[in-house]
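J.: Take this structure first; my questions come after.
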Amino acid sequence: MNICVFGDSITWGACDYFHGGWVNRLRNYFEERGDTPLGADGRLADLSVYNLGICGDTTDDLKERFEVEAMAREPGSIIFAIGINDARRLEGNNQQTGLAQFEKNILELVNSARKFTKKIVFVGLTRVDEAKTTPIPWNTRMSYYNQDIDQYDEIIREVCKKEELEYIDAFGIVQRDDLEDGLHPNSEGHKKMFEKIKEDICKLI
């Protein structure tokens with residue numbers, strides 16, 4: 001079975017310099033457990049974890065690439081870990097993606113994912129250290145606020161409830177000391193995310 005994880009830079013593994021992020025840790029976990037033996041052709045025979053996170057992605061970005069990437073990998077399970085960049089504020093104090101549009105995007109992603117599998121999981125949003133994210137130093141035109149993130153996370157939670165999908169609550173998993181730059185988890189933060197997410201994913205496969 002292929003597990004496809006779609007998301008942003010946190011999904012991609014930014015700032016976990018030694019282990020490559022929580023998605024890579026998940027892949028390594030299954031390989032070490034023996035769920036993914038190498039076949040004669042060198043490919044993972046039973047279970048593969050694909051990291052499909054792209055730095056900076058929003059739900060608008062993900063919608064554009066989702067079906068093509070999913071079709072190429074034939075997922076048995078799909079994990080979405082997306083939304084924190086939708087919540088960021090730009091110059092003029094406007095959010096990247098309005099709340100109504102965000103909900104619409106999440107529902108569109110759900111409907112697209114159902115073309116491939118019934119096993120769909122959303123990972124909730126992590127919080128930030130606002131002392132370092134208002135604004136973020138590498139792009140002072142952007143800021144991240146926890147109050148905004150909570151609103152977007154609530155939309156994800158409510159969509160999952162209405163659509164009867166798995167929702168993994170990430171609130172409180174990553175603490176301030178677990179953030180490398182105020183936004184991205186460091187190695188310890190990714191480890192904590194992996195441990196939490198692993199428990200729920202193992203119930204689905």
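Every chain in the structure tokens takes a letter, A first, then B, and so on in the order presented; its residues are numbered from 1, and the ligands are numbered from 1 following the presented order.
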Applying 7 Å and only C-alpha atoms, which residues near stretch 159-176 of chain A remain after dropping the ones on its own chain fewer than 6 positions away? List them as a ChimeraX atom specification.
T.: /A:120-126,129,185,189,192-193,197
J.: List every residue of stretch 61-142 of chain A that DSSP, applied to the backbone of this structure, places in strand (DSSP E), and write the result as a ChimeraX atom specification.
T.: /A:77-81,120-123
J.: Those residues you just picked out, can you put them in a file as a PDB file, in the first residue's frame with N, CA and C atoms?
T.:
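File out.pdb, as written:
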ATOM      1  N   SER A  77      -3.645   5.158   1.125  1.00  0.00           N
ATOM      2  CA  SER A  77      -4.008   6.122   2.161  1.00  0.00           C
ATOM      3  C   SER A  77      -3.449   7.484   1.769  1.00  0.00           C
ATOM      4  N   ILE A  78      -4.196   8.531   2.117  1.00  0.00           N
ATOM      5  CA  ILE A  78      -3.748   9.891   1.845  1.00  0.00           C
ATOM      6  C   ILE A  78      -3.765  10.673   3.143  1.00  0.00           C
ATOM      7  N   ILE A  79      -2.653  11.334   3.414  1.00  0.00           N
ATOM      8  CA  ILE A  79      -2.540  12.209   4.576  1.00  0.00           C
ATOM      9  C   ILE A  79      -2.363  13.635   4.082  1.00  0.00           C
ATOM     10  N   PHE A  80      -3.223  14.536   4.565  1.00  0.00           N
ATOM     11  CA  PHE A  80      -3.073  15.955   4.269  1.00  0.00           C
ATOM     12  C   PHE A  80      -2.530  16.664   5.514  1.00  0.00           C
ATOM     13  N   ALA A  81      -1.470  17.427   5.325  1.00  0.00           N
ATOM     14  CA  ALA A  81      -0.917  18.255   6.404  1.00  0.00           C
ATOM     15  C   ALA A  81      -0.661  19.632   5.807  1.00  0.00           C
ATOM     16  N   ILE A 120      -8.534   8.633   4.290  1.00  0.00           N
ATOM     17  CA  ILE A 120      -8.080  10.016   4.193  1.00  0.00           C
ATOM     18  C   ILE A 120      -7.906  10.570   5.609  1.00  0.00           C
ATOM     19  N   VAL A 121      -6.753  11.166   5.855  1.00  0.00           N
ATOM     20  CA  VAL A 121      -6.417  11.681   7.178  1.00  0.00           C
ATOM     21  C   VAL A 121      -5.952  13.130   7.043  1.00  0.00           C
ATOM     22  N   PHE A 122      -6.373  13.971   7.975  1.00  0.00           N
ATOM     23  CA  PHE A 122      -5.851  15.333   8.059  1.00  0.00           C
ATOM     24  C   PHE A 122      -5.070  15.493   9.351  1.00  0.00           C
ATOM     25  N   VAL A 123      -3.892  16.063   9.240  1.00  0.00           N
ATOM     26  CA  VAL A 123      -3.103  16.430  10.413  1.00  0.00           C
ATOM     27  C   VAL A 123      -3.396  17.889  10.727  1.00  0.00           C
TER      28      VAL A 123
END
J.: So which one's closest to A:Arg89, A:Leu179, A:Ile201, A:Ile149, A:Met142? Using only C-alpha atoms, please.
T.: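 The closest residue to A:Arg89 is A:Met142.
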J.: How far is it from atom CA of A:Pro135 to atom CA of A:Gln151, in Å with one decimal?
T.: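 Between atom CA of A:Pro135 and atom CA of A:Gln151 the gap works out to 19.1 Å.
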J.: Could you check which of A:Glu74, A:Asp8, A:Glu195, A:Glu180 is closest to A:Asn51, using only C-alpha atoms?
T.: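 Among the listed residues, A:Asp8 lies closest to A:Asn51.
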J.: With distances taken over only C-alpha atoms, which residue among A:Ser112, A:Thr59, A:Gln147, A:Ser48 lies nearest A:Asp86?
T.: A:Thr59
J.: Among the residues of chain A, find those DSSP assigns to alpha helix (DSSP H) from the backbone and print them as a PyMOL selection string.
T.: chain A and resi 9-12+22-33+59-73+99-113+130-133+146-163+187-201
J.: Using only C-alpha atoms for the distances, tell me which of A:Ala87, A:Arg73, A:Arg127, A:Leu26 is nearest to A:His184.
T.: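 Between A:Ala87, A:Arg73, A:Arg127, A:Leu26, the residue approaching A:His184 most closely is A:Arg127.
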J.: Quick one: of A:Thr133, A:Gly98, A:Gly7, A:Glu67, who's nearest to A:Asn111, counting only C-alpha atoms?
T.: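 Selected residue with least distance to A:Asn111: A:Glu67.
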J.: I'd like the interatomic distance between atom CA of A:Ile82 and atom CA of A:Thr58, to a tenth of an Å.
T.: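 About the pair atom CA of A:Ile82 and atom CA of A:Thr58: they are 6.7 Å apart.
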J.: From the set A:Lys203, A:Lys115, A:Arg33, A:Arg25, which residue has the shortest atom-to-atom contact distance to A:Phe66, counting only C-alpha atoms?
T.: A:Lys115
J.: If you measure from atom CA of A:Gly20 to atom CA of A:Asp148, what distance in Å do you get, rounded to one decimal?
T.: 27.5 Å
J.: Would you list the contacts of A:Gly13 as number ranges by chain, taking every protein, DNA or RNA residue within 10 Å and counting only C-alpha atoms, but skipping same-chain residues closer than 2 positions in sequence?
T.: A: 8-11, 15-17, 19-25, 51, 53-55, 184-187, 190
